[in-house]
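**Student:** Pasting a structure below so you can have a look.
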Amino acid sequence: MTRGIILAFVLGGVWGAINAVLIGVGITLVFGAAAEMTTFAAFFAGIAGAFAWLVSDRYAAGLYLRLALAGIAYALTICLLTYFAPLGIALANRPASGVLVLVSLAMTTVGAVAIAFRARDWTTLNRYRAEEVLIRALKGFGFVFFTAIVLLPFYAMLMTSLKKQAELLLNPLDYSINVRQGATELFSSYVELFTTFDFGRFVIVSTVVSVVTVLLTLAASIPGAYAISRLKFPGRTTLTRSILLIYMVPAIVLVIPLYAVFSQMGLRDTLLGLMLIYPATTIPVSLYMLQGYFRGIPSELEEAGMMDGCSRLKVIWKITLPLSLPAIASVSLYVFMIAWNEFLFAFMFLDSPEIFTLPRAVVSLNSSEVPRQHLMAGAVIVTIPVLVIFLWFERFLVSGLTAGSVKG
């Protein structure tokens with residue numbers, strides 16, 4: 001019983017403080033008005049909410065009643081400790097905003113404690129169950145932490161791209177926007193990028209380079225991976241173990257000799273040069289991913305196809321490739337993201353603005369002559385397409401990386 005009480009109090013207090021910080025930062029970013037970080041008040045309010053949750057559970061109250069009582073206890077405690085001004089928002093002056101903040105704080109804190117405990121009886125919480133509750137709480141902390149550090153920079157980048165130069169000079173840390181202005185004014189930075197800076201050309205160039213890189217990589221890695229996984233030849237084991245050795249050499253070390261060679265061959269400042277370099281850097285890991293998947297496909301299927309009169313190439317086309325679509329999709333997505341976001345080689349090899357890729361074009365915006373909102377808008381343009389593609393093909397990426405990892 002003591003173990004359950006201590007654990008509930010610790011989780012309630014910690015979640016109360018964390019939620020106060022997160023919601024306070026959110027208010028500051030969204031509305032542009034600094035919120036007071038009443039962390040200590042939220043910590044003790046979280047303990048009060050956890051205590052009310054435990055007491056209501058002691059008397060066998062229903063789940064929703066327990067959550068309501070715990071939320072009321074949290075709200076009353078934080079109101080008393082902050083003089084009815086949670087996060088600096090006075091309930092008397094701004095009742096709607098204050099109540100909204102109060103409800104958000106109470107629901108997130110009490111809900112986090114309830115999710116951590118779930119159906120565990122806190123009065124008979126043994127060591128194993130206490131560790132299970134603690135692990136579940138740590139997972140929640142990790143999820144909130146990593147979500148915050150990923151979303152906050154992207155939010156700041158997006159909001160900065162939607163602001164005017166005068167607004168940025170007046171308060172660079174104000175990430176609120178005026179939604180009452182028209183769409184033309186709101187997205188003026190993006191319009192100027194495509195009209196003044198010709199960003200449409202850069203999008204087309206990056207798309208062409210990325211797609212060609214994917215096609216060349218697949219054309220080399222699919223037969224290579226199949227040969228490694230199915231055919232027997234001298235040095236196969238050594239080749240399999242040394243596929244990823246190229247990644248032991250940093251890319252910055254390869255830039256200087258490649259720059260000299262490509263300059264002599266006339267491939268510098270050309271897209272053809274990038275289309276040769278990118279597949280060379282992506283083929284090894286593609287071979288490694290695909291050969292593991294091919295080994296997971298039963299060889300009896302291919303043998304049955306050859307017994308029916310199919311040649312080796314027809315077996316690959318009719319049997320192996322259809323079964324390998326998840327792996328091929330994951331490799332294609334991986335290669336596309338690398339080619340789309342690659343900066344070092346594009347920066348060193350491309351000098352003509354008309355053939356800049358998107359990362360190289362965004363760097364060209366980083367100057368005192370270009371407003372900062374244009375730079376942020378360019379960064380958003382680089383990020384959004386690959387983010388959408390990744391979310392769309394995520395299921396293929398996960399299945400392609402895991403399938404074939406266990407041979408059977």
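By order in the structure tokens, chains are A, B, ...; within a chain, residues start at 1; ligands start at 1, following the order shown.
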Please provide the set of residues having any atom within 8 Å of region 103-120 of chain A, restricted to only C-alpha atoms, with same-chain residues fewer than 5 positions apart removed, written as a PyMOL selection string.
**Tutor:** chain A and resi 8+11-12+15-16+19-20+23+46+49-50+67+70-72+74-75+125+129+133-134+136-137+140
**Student:** Got a sec: who's within 9 Å of region 245-259 of chain A, counting only C-alpha atoms, leaving out chain neighbours fewer than 2 positions off, as a ChimeraX atom specification?
**Tutor:** /A:241-243,261-264,268,277,281,284-285,344-345,348-349
**Student:** So what do you get for CA of Leu81 (chain A) versus CA of Thr38 (chain A), distance-wise?
**Tutor:**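 If I compute the distance from CA of Leu81 (chain A) to CA of Thr38 (chain A), I get 9.1 Å.
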**Student:** Rounded to one decimal in Å, what is the spacing between CA of Leu267 (chain A) and CA of Glu354 (chain A)?
**Tutor:**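 Pair CA of Leu267 (chain A) / CA of Glu354 (chain A) returns 15.8 Å.
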